[in-house]
$ cat upload-v3.json   # JSON, C-alpha atoms and all ligand atoms
[["chain", "number", "residue", "atom", "x", "y", "z"],
["A", 1, "MET", "CA", 27.74, 26.17, -16.65],
["A", 2, "ARG", "CA", 26.87, 25.92, -12.98],
["A", 3, "SER", "CA", 23.18, 26.45, -13.66],
["A", 4, "ILE", "CA", 23.23, 23.66, -16.26],
["A", 5, "LEU", "CA", 24.73, 21.33, -13.63],
["A", 6, "VAL", "CA", 22.09, 22.33, -11.09],
["A", 7, "LEU", "CA", 19.41, 21.71, -13.71],
["A", 8, "LEU", "CA", 20.87, 18.30, -14.63],
["A", 9, "THR", "CA", 21.00, 17.29, -10.96],
["A", 10, "PHE", "CA", 17.42, 18.42, -10.60],
["A", 11, "PHE", "CA", 16.23, 16.31, -13.57],
["A", 12, "HIS", "CA", 18.23, 13.34, -12.36],
["A", 13, "SER", "CA", 16.56, 13.58, -8.95],
["A", 14, "LEU", "CA", 13.18, 13.44, -10.67],
["A", 15, "LEU", "CA", 14.17, 10.01, -11.97],
["A", 16, "ALA", "CA", 15.46, 8.60, -8.72],
["A", 17, "PHE", "CA", 14.15, 7.56, -5.34],
["A", 18, "ASN", "CA", 16.29, 7.07, -2.26],
["A", 19, "TYR", "CA", 15.14, 3.93, -0.42],
["A", 20, "ASP", "CA", 17.45, 4.72, 2.51],
["A", 21, "LEU", "CA", 18.23, 1.00, 2.94],
["A", 22, "LYS", "CA", 20.01, -0.25, 6.05],
["A", 23, "PRO", "CA", 21.50, -3.75, 6.12],
["A", 24, "VAL", "CA", 20.82, -5.85, 9.22],
["A", 25, "LYS", "CA", 23.23, -8.64, 10.24],
["A", 26, "VAL", "CA", 21.52, -12.02, 10.66],
["A", 27, "ASP", "CA", 24.51, -14.31, 11.19],
["A", 28, "ALA", "CA", 28.25, -14.34, 10.44],
["A", 29, "THR", "CA", 27.68, -14.48, 6.67],
["A", 30, "THR", "CA", 24.21, -13.04, 6.09],
["A", 31, "TYR", "CA", 22.82, -9.52, 5.91],
["A", 32, "CYS", "CA", 19.24, -8.61, 5.04],
["A", 33, "PHE", "CA", 17.25, -5.55, 4.12],
["A", 34, "PHE", "CA", 13.87, -5.91, 5.80],
["A", 35, "GLY", "CA", 10.82, -4.33, 4.18],
["A", 36, "LEU", "CA", 8.00, -2.54, 5.95],
["A", 37, "PRO", "CA", 4.91, -4.53, 7.11],
["A", 38, "GLN", "CA", 2.70, -2.89, 4.48],
["A", 39, "GLY", "CA", 1.24, -3.40, 1.04],
["A", 40, "ILE", "CA", 2.93, -1.76, -1.96],
["A", 41, "ASP", "CA", 2.30, 1.99, -2.22],
["A", 42, "GLU", "CA", 3.96, 5.10, -3.58],
["A", 43, "HIS", "CA", 5.46, 5.99, -0.20],
["A", 44, "ASN", "CA", 7.32, 2.73, 0.40],
["A", 45, "ASN", "CA", 7.79, 2.25, -3.37],
["A", 46, "GLY", "CA", 7.91, -1.52, -2.94],
["A", 47, "ASN", "CA", 10.18, -1.54, 0.11],
["A", 48, "MET", "CA", 7.84, -4.00, 1.84],
["A", 49, "VAL", "CA", 9.77, -7.17, 1.01],
["A", 50, "ASN", "CA", 13.02, -8.72, 2.25],
["A", 51, "SER", "CA", 16.21, -9.02, 0.21],
["A", 52, "CYS", "CA", 19.26, -10.81, 1.63],
["A", 53, "PHE", "CA", 22.96, -11.23, 0.87],
["A", 54, "VAL", "CA", 25.00, -14.30, 1.84],
["A", 55, "ASP", "CA", 28.78, -13.98, 1.80],
["A", 56, "ALA", "CA", 29.69, -17.28, 0.13],
["A", 57, "GLY", "CA", 33.46, -16.76, 0.34],
["A", 58, "ASP", "CA", 34.41, -15.13, -2.92],
["A", 59, "SER", "CA", 31.03, -13.70, -3.92],
["A", 60, "TYR", "CA", 27.57, -12.93, -2.66],
["A", 61, "LEU", "CA", 24.47, -14.99, -3.17],
["A", 62, "VAL", "CA", 21.39, -12.75, -3.22],
["A", 63, "VAL", "CA", 18.03, -14.17, -2.14],
["A", 64, "ASP", "CA", 15.26, -12.09, -3.75],
["A", 65, "SER", "CA", 16.27, -9.04, -5.72],
["A", 66, "GLY", "CA", 13.62, -6.66, -4.40],
["A", 67, "PRO", "CA", 10.93, -4.52, -6.02],
["A", 68, "THR", "CA", 12.81, -2.27, -8.48],
["A", 69, "TYR", "CA", 16.12, -1.73, -10.31],
["A", 70, "GLN", "CA", 17.01, 1.18, -8.04],
["A", 71, "TYR", "CA", 16.24, -0.78, -4.89],
["A", 72, "ALA", "CA", 18.63, -3.53, -6.04],
["A", 73, "GLN", "CA", 21.34, -1.04, -6.97],
["A", 74, "GLN", "CA", 21.05, 0.79, -3.65],
["A", 75, "ALA", "CA", 21.02, -2.48, -1.64],
["A", 76, "TYR", "CA", 24.22, -3.68, -3.30],
["A", 77, "THR", "CA", 25.87, -0.27, -2.77],
["A", 78, "GLN", "CA", 25.21, -0.63, 0.98],
["A", 79, "ILE", "CA", 26.43, -4.24, 1.10],
["A", 80, "LYS", "CA", 29.68, -3.40, -0.73],
["A", 81, "LYS", "CA", 30.50, -1.02, 2.13],
["A", 82, "ILE", "CA", 30.54, -4.04, 4.46],
["A", 83, "LYS", "CA", 32.59, -6.23, 2.08],
["A", 84, "ASN", "CA", 33.22, -5.57, -1.56],
["A", 85, "LEU", "CA", 32.48, -8.85, -3.35],
["A", 86, "PRO", "CA", 30.85, -9.53, -6.73],
["A", 87, "ILE", "CA", 27.44, -11.18, -6.97],
["A", 88, "SER", "CA", 27.58, -14.72, -8.32],
["A", 89, "TYR", "CA", 23.93, -15.79, -8.10],
["A", 90, "VAL", "CA", 20.53, -14.32, -7.40],
["A", 91, "ILE", "CA", 17.73, -16.71, -6.39],
["A", 92, "ASN", "CA", 14.10, -15.61, -6.82],
["A", 93, "THR", "CA", 12.02, -17.47, -4.22],
["A", 94, "HIS", "CA", 8.82, -17.21, -6.30],
["A", 95, "ILE", "CA", 7.05, -15.39, -9.10],
["A", 96, "HIS", "CA", 5.44, -12.49, -7.20],
["A", 97, "ASP", "CA", 6.98, -9.32, -8.56],
["A", 98, "ASP", "CA", 8.03, -7.70, -5.27],
["A", 99, "HIS", "CA", 10.64, -10.49, -5.07],
["A", 100, "TRP", "CA", 12.31, -10.26, -8.47],
["A", 101, "LEU", "CA", 11.88, -6.89, -10.20],
["A", 102, "GLY", "CA", 15.43, -5.98, -9.09],
["A", 103, "ASN", "CA", 16.76, -8.75, -11.42],
["A", 104, "GLY", "CA", 17.53, -6.27, -14.24],
["A", 105, "TYR", "CA", 20.20, -4.58, -12.15],
["A", 106, "TYR", "CA", 21.87, -7.85, -11.15],
["A", 107, "GLN", "CA", 21.80, -9.18, -14.70],
["A", 108, "GLU", "CA", 23.53, -5.98, -15.83],
["A", 109, "ILE", "CA", 26.41, -6.58, -13.40],
["A", 110, "GLY", "CA", 26.84, -10.20, -14.52],
["A", 111, "ALA", "CA", 25.02, -12.25, -11.88],
["A", 112, "LYS", "CA", 23.30, -15.52, -12.83],
["A", 113, "ILE", "CA", 19.64, -15.55, -11.88],
["A", 114, "ILE", "CA", 17.86, -18.71, -10.69],
["A", 115, "GLY", "CA", 14.11, -19.21, -10.33],
["A", 116, "SER", "CA", 11.41, -21.84, -10.39],
["A", 117, "SER", "CA", 10.34, -23.28, -13.76],
["A", 118, "GLN", "CA", 6.96, -21.69, -12.98],
["A", 119, "PHE", "CA", 8.39, -18.55, -14.61],
["A", 120, "LYS", "CA", 7.89, -20.39, -17.95],
["A", 121, "ASN", "CA", 4.13, -20.07, -17.45],
["A", 122, "GLU", "CA", 4.32, -16.34, -16.79],
["A", 123, "SER", "CA", 4.07, -13.73, -19.49],
["A", 124, "ILE", "CA", 5.89, -10.42, -19.40],
["A", 125, "LEU", "CA", 3.22, -7.88, -18.50],
["A", 126, "GLU", "CA", 3.03, -4.53, -20.21],
["A", 127, "THR", "CA", 2.49, -2.95, -16.79],
["A", 128, "THR", "CA", 3.48, -4.86, -13.67],
["A", 129, "ARG", "CA", 1.54, -4.76, -10.41],
["A", 130, "MET", "CA", 4.51, -2.93, -8.88],
["A", 131, "GLN", "CA", 4.51, -0.34, -11.66],
["A", 132, "GLN", "CA", 0.85, 0.43, -11.06],
["A", 133, "ARG", "CA", 1.42, 1.19, -7.39],
["A", 134, "VAL", "CA", 4.81, 2.89, -7.05],
["A", 135, "SER", "CA", 6.07, 6.26, -8.23],
["A", 136, "LYS", "CA", 7.57, 6.76, -11.69],
["A", 137, "GLU", "CA", 10.81, 7.94, -10.11],
["A", 138, "ALA", "CA", 11.20, 4.75, -8.07],
["A", 139, "TYR", "CA", 10.31, 2.47, -11.00],
["A", 140, "ALA", "CA", 12.69, 4.18, -13.47],
["A", 141, "LYS", "CA", 15.10, 1.69, -15.16],
["A", 142, "THR", "CA", 13.09, -1.33, -13.91],
["A", 143, "THR", "CA", 12.39, -4.01, -16.53],
["A", 144, "SER", "CA", 10.89, -7.48, -16.25],
["A", 145, "VAL", "CA", 13.93, -9.76, -16.34],
["A", 146, "PHE", "CA", 13.00, -13.37, -15.64],
["A", 147, "PRO", "CA", 15.58, -15.80, -14.24],
["A", 148, "SER", "CA", 17.76, -17.44, -16.88],
["A", 149, "ILE", "CA", 18.29, -20.68, -14.90],
["A", 150, "LEU", "CA", 14.95, -22.37, -14.25],
["A", 151, "ILE", "CA", 14.73, -25.34, -11.92],
["A", 152, "ASP", "CA", 11.95, -27.85, -11.35],
["A", 153, "LYS", "CA", 13.59, -30.06, -8.72],
["A", 154, "ASP", "CA", 15.85, -29.81, -5.68],
["A", 155, "THR", "CA", 19.24, -28.48, -6.74],
["A", 156, "VAL", "CA", 22.57, -28.06, -4.99],
["A", 157, "LEU", "CA", 24.60, -24.98, -5.76],
["A", 158, "THR", "CA", 28.27, -24.90, -4.77],
["A", 159, "ILE", "CA", 29.87, -21.48, -4.41],
["A", 160, "ALA", "CA", 33.52, -21.47, -3.26],
["A", 161, "LYS", "CA", 33.03, -24.93, -1.68],
["A", 162, "GLN", "CA", 29.97, -23.66, 0.21],
["A", 163, "GLU", "CA", 26.93, -25.89, -0.30],
["A", 164, "ILE", "CA", 23.63, -24.15, -0.90],
["A", 165, "GLN", "CA", 20.52, -26.32, -1.23],
["A", 166, "ILE", "CA", 17.65, -25.03, -3.30],
["A", 167, "ILE", "CA", 14.52, -26.92, -2.32],
["A", 168, "HIS", "CA", 11.78, -26.94, -4.94],
["A", 169, "VAL", "CA", 8.34, -27.08, -3.32],
["A", 170, "ASN", "CA", 6.50, -29.47, -5.57],
["A", 171, "LYS", "CA", 2.99, -28.44, -4.61],
["A", 172, "LYS", "CA", 1.24, -25.10, -4.66],
["A", 173, "ALA", "CA", 1.84, -23.65, -1.17],
["A", 174, "HIS", "CA", 2.16, -19.84, -1.07],
["A", 175, "SER", "CA", 2.32, -19.81, -4.88],
["A", 176, "SER", "CA", 2.83, -22.31, -7.68],
["A", 177, "GLY", "CA", 6.57, -22.82, -7.61],
["A", 178, "ASP", "CA", 8.02, -21.73, -4.26],
["A", 179, "LEU", "CA", 11.73, -22.24, -3.66],
["A", 180, "LEU", "CA", 13.40, -22.59, -0.26],
["A", 181, "VAL", "CA", 17.11, -21.92, 0.13],
["A", 182, "TYR", "CA", 18.94, -23.84, 2.85],
["A", 183, "ILE", "CA", 22.54, -23.45, 3.93],
["A", 184, "PRO", "CA", 23.42, -26.62, 5.91],
["A", 185, "SER", "CA", 26.73, -25.31, 7.33],
["A", 186, "SER", "CA", 24.95, -22.49, 9.20],
["A", 187, "LYS", "CA", 21.48, -24.12, 9.39],
["A", 188, "LEU", "CA", 20.00, -20.97, 7.88],
["A", 189, "LEU", "CA", 16.85, -21.27, 5.80],
["A", 190, "PHE", "CA", 15.28, -18.76, 3.46],
["A", 191, "ALA", "CA", 11.57, -19.54, 3.36],
["A", 192, "GLY", "CA", 10.37, -16.99, 0.80],
["A", 193, "ASP", "CA", 6.71, -16.14, 1.32],
["A", 194, "LEU", "CA", 5.95, -19.32, 3.21],
["A", 195, "VAL", "CA", 6.90, -17.15, 6.18],
["A", 196, "PHE", "CA", 5.45, -13.76, 7.06],
["A", 197, "ASN", "CA", 5.81, -12.66, 10.67],
["A", 198, "ASP", "CA", 4.84, -9.03, 10.96],
["A", 199, "ARG", "CA", 1.71, -8.95, 8.84],
["A", 200, "LEU", "CA", -0.99, -11.33, 7.66],
["A", 201, "PRO", "CA", 0.13, -13.69, 4.87],
["A", 202, "SER", "CA", -1.62, -13.69, 1.50],
["A", 203, "LEU", "CA", -3.33, -16.91, 0.40],
["A", 204, "ARG", "CA", -4.72, -15.59, -2.87],
["A", 205, "ASP", "CA", -2.34, -17.63, -5.02],
["A", 206, "GLY", "CA", -1.79, -20.47, -2.59],
["A", 207, "ASP", "CA", -3.12, -23.66, -1.01],
["A", 208, "ILE", "CA", -3.56, -23.66, 2.76],
["A", 209, "ASN", "CA", -3.10, -27.42, 3.13],
["A", 210, "PHE", "CA", 0.26, -27.66, 1.39],
["A", 211, "TRP", "CA", 1.40, -24.39, 2.92],
["A", 212, "ILE", "CA", 0.88, -25.85, 6.43],
["A", 213, "LYS", "CA", 2.61, -29.11, 5.37],
["A", 214, "GLU", "CA", 5.57, -27.18, 4.00],
["A", 215, "LEU", "CA", 5.89, -25.25, 7.26],
["A", 216, "ASP", "CA", 5.96, -28.61, 9.08],
["A", 217, "TYR", "CA", 8.80, -29.63, 6.77],
["A", 218, "ILE", "CA", 10.68, -26.36, 7.44],
["A", 219, "ARG", "CA", 10.38, -26.94, 11.20],
["A", 220, "SER", "CA", 11.59, -30.54, 10.77],
["A", 221, "LEU", "CA", 14.91, -29.20, 9.47],
["A", 222, "SER", "CA", 15.37, -27.40, 12.84],
["A", 223, "PRO", "CA", 17.01, -24.35, 11.30],
["A", 224, "THR", "CA", 18.87, -21.90, 13.54],
["A", 225, "HIS", "CA", 17.53, -19.03, 11.45],
["A", 226, "ILE", "CA", 14.43, -18.83, 9.28],
["A", 227, "ILE", "CA", 14.22, -15.77, 7.04],
["A", 228, "GLY", "CA", 10.83, -15.11, 5.48],
["A", 229, "GLY", "CA", 9.88, -12.97, 2.50],
["A", 230, "HIS", "CA", 8.24, -10.45, 4.84],
["A", 231, "GLY", "CA", 9.01, -9.76, 8.50],
["A", 232, "GLU", "CA", 12.04, -9.13, 10.67],
["A", 233, "ILE", "CA", 11.91, -12.13, 13.02],
["A", 234, "VAL", "CA", 14.66, -14.48, 11.88],
["A", 235, "ASP", "CA", 15.21, -16.91, 14.73],
["A", 236, "SER", "CA", 13.84, -20.46, 14.83],
["A", 237, "SER", "CA", 10.40, -19.09, 15.87],
["A", 238, "ALA", "CA", 10.05, -17.00, 12.70],
["A", 239, "ALA", "CA", 7.49, -19.35, 11.11],
["A", 240, "ASP", "CA", 5.24, -19.56, 14.19],
["A", 241, "PHE", "CA", 3.03, -16.57, 13.37],
["A", 242, "THR", "CA", 2.14, -17.77, 9.85],
["A", 243, "TYR", "CA", 1.72, -21.35, 11.06],
["A", 244, "ALA", "CA", -0.65, -20.46, 13.90],
["A", 245, "TYR", "CA", -2.72, -18.15, 11.68],
["A", 246, "LEU", "CA", -3.11, -20.75, 8.93],
["A", 247, "VAL", "CA", -4.02, -23.53, 11.37],
["A", 248, "SER", "CA", -6.68, -21.36, 13.07],
["A", 249, "LEU", "CA", -8.06, -20.19, 9.74],
["A", 250, "LYS", "CA", -8.28, -23.73, 8.38],
["A", 251, "LYS", "CA", -10.06, -24.95, 11.52],
["A", 252, "GLU", "CA", -12.67, -22.18, 11.43],
["A", 253, "VAL", "CA", -13.33, -22.55, 7.71],
["A", 254, "GLN", "CA", -13.69, -26.32, 8.05],
["A", 255, "LYS", "CA", -16.19, -25.80, 10.87],
["A", 256, "ALA", "CA", -18.19, -23.37, 8.70],
["A", 257, "ILE", "CA", -18.26, -25.81, 5.76],
["A", 258, "ASP", "CA", -19.32, -28.66, 8.06],
["A", 259, "ASN", "CA", -22.16, -26.46, 9.39],
["A", 260, "GLY", "CA", -23.35, -25.58, 5.89],
["A", 261, "VAL", "CA", -22.32, -21.91, 6.11],
["A", 262, "THR", "CA", -22.09, -20.35, 2.62],
["A", 263, "ILE", "CA", -18.85, -18.81, 1.38],
["A", 264, "GLU", "CA", -20.36, -15.31, 1.55],
["A", 265, "ASP", "CA", -21.39, -15.78, 5.19],
["A", 266, "ALA", "CA", -18.07, -17.39, 6.07],
["A", 267, "VAL", "CA", -16.21, -14.36, 4.68],
["A", 268, "GLN", "CA", -18.34, -12.06, 6.85],
["A", 269, "THR", "CA", -18.38, -14.10, 10.06],
["A", 270, "ILE", "CA", -14.95, -15.77, 10.41],
["A", 271, "THR", "CA", -13.04, -13.00, 12.13],
["A", 272, "LEU", "CA", -10.17, -14.57, 14.17],
["A", 273, "PRO", "CA", -10.13, -11.78, 16.81],
["A", 274, "GLN", "CA", -6.63, -12.71, 17.99],
["A", 275, "TYR", "CA", -5.29, -11.43, 14.64],
["A", 276, "GLN", "CA", -7.42, -8.30, 14.31],
["A", 277, "ASN", "CA", -4.57, -6.06, 15.45],
["A", 278, "ALA", "CA", -2.02, -7.66, 13.11],
["A", 279, "ASN", "CA", -0.78, -5.55, 10.21],
["A", 280, "MET", "CA", -2.84, -5.92, 7.02],
["A", 281, "TYR", "CA", -5.67, -7.81, 8.72],
["A", 282, "ASN", "CA", -8.20, -5.48, 7.12],
["A", 283, "THR", "CA", -6.85, -5.90, 3.60],
["A", 284, "MET", "CA", -5.96, -9.61, 3.73],
["A", 285, "HIS", "CA", -8.13, -11.57, 6.11],
["A", 286, "LYS", "CA", -11.45, -11.70, 4.22],
["A", 287, "GLN", "CA", -9.71, -12.68, 1.02],
["A", 288, "ASN", "CA", -7.80, -15.38, 2.94],
["A", 289, "VAL", "CA", -11.09, -16.81, 4.27],
["A", 290, "GLU", "CA", -12.44, -16.90, 0.73],
["A", 291, "SER", "CA", -9.36, -18.66, -0.72],
["A", 292, "THR", "CA", -9.33, -21.16, 2.15],
["A", 293, "TYR", "CA", -13.04, -21.90, 1.72],
["A", 294, "ARG", "CA", -12.56, -22.59, -1.99],
["A", 295, "THR", "CA", -9.60, -24.90, -1.33],
["A", 296, "MET", "CA", -11.34, -26.80, 1.47],
["A", 297, "GLU", "CA", -14.63, -27.07, -0.39],
["A", 298, "TRP", "CA", -12.76, -28.60, -3.32],
["A", 299, "ASN", "CA", -11.04, -31.08, -0.97],
["A", 300, "ASN", "CA", -14.38, -32.15, 0.44],
["A", 301, "GLU", "CA", -15.88, -32.99, -2.95],
["A", 401, "ZN", "ZN", 5.92, -11.30, -1.20]]

$ encode --input "upload-v3.json" --output "structure tokens" --more "lines below"
Ligand SMILES: [Zn+2]
Amino acid sequence: MRSILVLLTFFHSLLAFNYDLKPVKVDATTYCFFGLPQGIDEHNNGNMVNSCFVDAGDSYLVVDSGPTYQYAQQAYTQIKKIKNLPISYVINTHIHDDHWLGNGYYQEIGAKIIGSSQFKNESILETTRMQQRVSKEAYAKTTSVFPSILIDKDTVLTIAKQEIQIIHVNKKAHSSGDLLVYIPSSKLLFAGDLVFNDRLPSLRDGDINFWIKELDYIRSLSPTHIIGGHGEIVDSSAADFTYAYLVSLKKEVQKAIDNGVTIEDAVQTITLPQYQNANMYNTMHKQNVESTYRTMEWNNE
């Protein structure tokens, strides 16, 4: 009997991964799990993204459900130790899968899931990007559950008399269909992937012009806290790193276009030395130059 139990425990452990998640307090009502400043791999198993819990009085609001079912389950287990409340809503800030593949767990425990109407244009992939890069054990039980409440305009959510504003970014910025979540009573803003502050941002799916404009808008709200999709800085300066990088990148690419430099040469020569020591410079920067060049070239036509 005992050996069967040992064997069962052994097989169970083959299908599980311990993310060892530790909640960090941001303000009186908000805790976050901060991901590592890395790309997705089978060591971090997708723990390279932020997922946050807001105590809305009688329930939690979750902003971004994380990279896998097990991540979501383990995050909620940790949060319940602080205060045991149900989850009323989960908001997915955008369609990139590190931000919403935990949805399946939250749907199972009865939470309502909100996302941008851009999810309508997405198809359920046979193999997700996450699935290709993480271990089988960590991905076990993860399914592609899209949000059931899709929004295409600014929306106010009221949870136990607490007002939560969901701001729909109407233009392609980091992605097509970014959502911001703003809590006026505490002046706390969730910026999704419009804010990275411990690694280079990714422009592959975005538009540098509207991204910069949206960051101007975020700053105009003068939030006390800004929580990005990646990075642990959460004070009012949290957007500065992304902002400064995008502005410098745009300036250099514009200069190259004005001087007739080809896209291939621009990718090789625009180096922004002040960012060379930033995390993920080597994997992201050249592709960011290329995306920016294409956007700016299009604008100039
Ligand atoms: Zn992301």

$ residues_near_ligand --input "upload-v3.json" --ligand "ligand ZN 401 (chain A)" --cutoff "8 Å" --atoms "only C-alpha atoms and all ligand atoms" --output "list in words"
Val49, His96, Asp97, Asp98, His99, Gly192, Asp193, Gly229 and His230 of chain A

$ residues_around --input "upload-v3.json" --residues "Ala28 (chain A)" --least-positions-apart "4" --cutoff "10 Å" --atoms "only C-alpha atoms" --output "list of chain:residue names"
A:Val54, A:Asp55, A:Ser186

$ write_last_selection --input "upload-v3.json" --atoms "C-alpha atoms" --output "short mmCIF file (atom, residue, chain, number, x, y, z; two decimals), in the frame of the given file"
data_model
loop_
_atom_site.label_atom_id
_atom_site.label_comp_id
_atom_site.auth_asym_id
_atom_site.auth_seq_id
_atom_site.Cartn_x
_atom_site.Cartn_y
_atom_site.Cartn_z
CA VAL A 54 25.00 -14.30 1.84
CA ASP A 55 28.78 -13.98 1.80
CA SER A 186 24.95 -22.49 9.20
#

$ residues_near_point --input "upload-v3.json" --point "(12.2, -20.6, -9.6)" --cutoff "10 Å" --atoms "all atoms listed in the file" --output "JSON, numbers by chain"
{"A": [91, 92, 93, 94, 95, 113, 114, 115, 116, 117, 118, 119, 120, 146, 147, 148, 149, 150, 151, 152, 153, 166, 167, 168, 169, 176, 177, 178, 179, 180]}

$ closest_residue --input "upload-v3.json" --among "A:Leu189, A:Ile263, A:Ala75, A:Met130" --to "Asn288 (chain A)" --atoms "only C-alpha atoms"
A:Ile263

$ closest_residue --input "upload-v3.json" --among "A:Val145, A:Met280, A:Ile270, A:Ile87" --to "Ile159 (chain A)" --atoms "only C-alpha atoms"
A:Ile87

$ atom_distance --input "upload-v3.json" --atom1 "CA of Asp265 (chain A)" --atom2 "CA of Glu252 (chain A)"
12.5 Å

$ closest_atom_pairs --input "upload-v3.json" --of "region 15-121 of chain A" --to "region 198-217 of chain A" --cutoff "9 Å" --atoms "all atoms listed in the file" --output "Markdown table"
| residue | atom | partner | partner_atom | distance |
| --- | --- | --- | --- | --- |
| A:Leu36 | CA | A:Asp198 | CA | 8.8 |
| A:Pro37 | CA | A:Arg199 | CA | 5.7 |
| A:Gln38 | CA | A:Arg199 | CA | 7.5 |

$ closest_residue --input "upload-v3.json" --among "A:Ser88, A:Thr128, A:Asn121, A:Thr292" --to "Trp100 (chain A)" --atoms "all atoms listed in the file"
A:Thr128

$ atom_distance --input "upload-v3.json" --atom1 "CA of Gly228 (chain A)" --atom2 "CA of Arg294 (chain A)"
25.7 Å

$ atom_distance --input "upload-v3.json" --atom1 "CA of Gln74 (chain A)" --atom2 "CA of Leu21 (chain A)"
7.2 Å

$ residues_around --input "upload-v3.json" --residues "Ser237 (chain A)" --least-positions-apart "4" --cutoff "12 Å" --atoms "all atoms listed in the file" --output "ChimeraX atom specification"
/A:195-197,215,218-219,222-228,231-233,241-244

$ closest_residue --input "upload-v3.json" --among "A:Tyr293, A:Tyr89, A:Tyr245, A:Tyr275" --to "Val261 (chain A)" --atoms "only C-alpha atoms"
A:Tyr293

$ closest_residue --input "upload-v3.json" --among "A:Asp64, A:Asp58, A:Glu137, A:Glu126" --to "Tyr19 (chain A)" --atoms "only C-alpha atoms"
A:Glu137

$ closest_residue --input "upload-v3.json" --among "A:Ile257, A:Ala72, A:Asn282, A:Leu188" --to "Ser236 (chain A)" --atoms "only C-alpha atoms"
A:Leu188

$ decode --input "upload-v3.json" --residues "region 229-243 of chain A" --atoms "N, CA and C atoms" --output "PDB file, in the first residue's frame"
ATOM      1  N   GLY A 229       3.377  45.082 -17.144  1.00  0.00           N
ATOM      2  CA  GLY A 229       3.265  43.642 -17.389  1.00  0.00           C
ATOM      3  C   GLY A 229       4.543  42.901 -17.046  1.00  0.00           C
ATOM      4  N   HIS A 230       5.672  43.634 -17.080  1.00  0.00           N
ATOM      5  CA  HIS A 230       6.972  43.048 -16.772  1.00  0.00           C
ATOM      6  C   HIS A 230       7.783  44.082 -16.012  1.00  0.00           C
ATOM      7  N   GLY A 231       8.374  43.691 -14.885  1.00  0.00           N
ATOM      8  CA  GLY A 231       9.214  44.604 -14.126  1.00  0.00           C
ATOM      9  C   GLY A 231       8.641  44.904 -12.756  1.00  0.00           C
ATOM     10  N   GLU A 232       9.556  45.118 -11.805  1.00  0.00           N
ATOM     11  CA  GLU A 232       9.152  45.243 -10.401  1.00  0.00           C
ATOM     12  C   GLU A 232       9.012  46.679  -9.918  1.00  0.00           C
ATOM     13  N   ILE A 233       9.401  47.654 -10.746  1.00  0.00           N
ATOM     14  CA  ILE A 233       9.250  49.052 -10.296  1.00  0.00           C
ATOM     15  C   ILE A 233       7.774  49.421 -10.430  1.00  0.00           C
ATOM     16  N   VAL A 234       7.186  49.896  -9.339  1.00  0.00           N
ATOM     17  CA  VAL A 234       5.739  50.166  -9.365  1.00  0.00           C
ATOM     18  C   VAL A 234       5.389  51.561  -8.871  1.00  0.00           C
ATOM     19  N   ASP A 235       6.400  52.421  -8.690  1.00  0.00           N
ATOM     20  CA  ASP A 235       6.047  53.783  -8.279  1.00  0.00           C
ATOM     21  C   ASP A 235       5.720  54.617  -9.520  1.00  0.00           C
ATOM     22  N   SER A 236       5.580  55.939  -9.336  1.00  0.00           N
ATOM     23  CA  SER A 236       5.145  56.764 -10.465  1.00  0.00           C
ATOM     24  C   SER A 236       6.215  56.839 -11.569  1.00  0.00           C
ATOM     25  N   SER A 237       7.439  56.383 -11.284  1.00  0.00           N
ATOM     26  CA  SER A 237       8.494  56.421 -12.304  1.00  0.00           C
ATOM     27  C   SER A 237       8.546  55.134 -13.147  1.00  0.00           C
ATOM     28  N   ALA A 238       7.615  54.219 -12.892  1.00  0.00           N
ATOM     29  CA  ALA A 238       7.704  52.881 -13.500  1.00  0.00           C
ATOM     30  C   ALA A 238       7.712  52.883 -15.033  1.00  0.00           C
ATOM     31  N   ALA A 239       7.098  53.927 -15.633  1.00  0.00           N
ATOM     32  CA  ALA A 239       7.008  53.954 -17.099  1.00  0.00           C
ATOM     33  C   ALA A 239       8.231  54.624 -17.743  1.00  0.00           C
ATOM     34  N   ASP A 240       9.103  55.199 -16.936  1.00  0.00           N
ATOM     35  CA  ASP A 240      10.197  56.028 -17.471  1.00  0.00           C
ATOM     36  C   ASP A 240      11.161  55.245 -18.369  1.00  0.00           C
ATOM     37  N   PHE A 241      11.485  54.022 -17.958  1.00  0.00           N
ATOM     38  CA  PHE A 241      12.452  53.225 -18.723  1.00  0.00           C
ATOM     39  C   PHE A 241      11.926  52.956 -20.140  1.00  0.00           C
ATOM     40  N   THR A 242      10.695  52.456 -20.241  1.00  0.00           N
ATOM     41  CA  THR A 242      10.112  52.162 -21.556  1.00  0.00           C
ATOM     42  C   THR A 242      10.008  53.438 -22.392  1.00  0.00           C
ATOM     43  N   TYR A 243       9.542  54.517 -21.737  1.00  0.00           N
ATOM     44  CA  TYR A 243       9.351  55.789 -22.433  1.00  0.00           C
ATOM     45  C   TYR A 243      10.670  56.286 -23.036  1.00  0.00           C
TER      46      TYR A 243
END
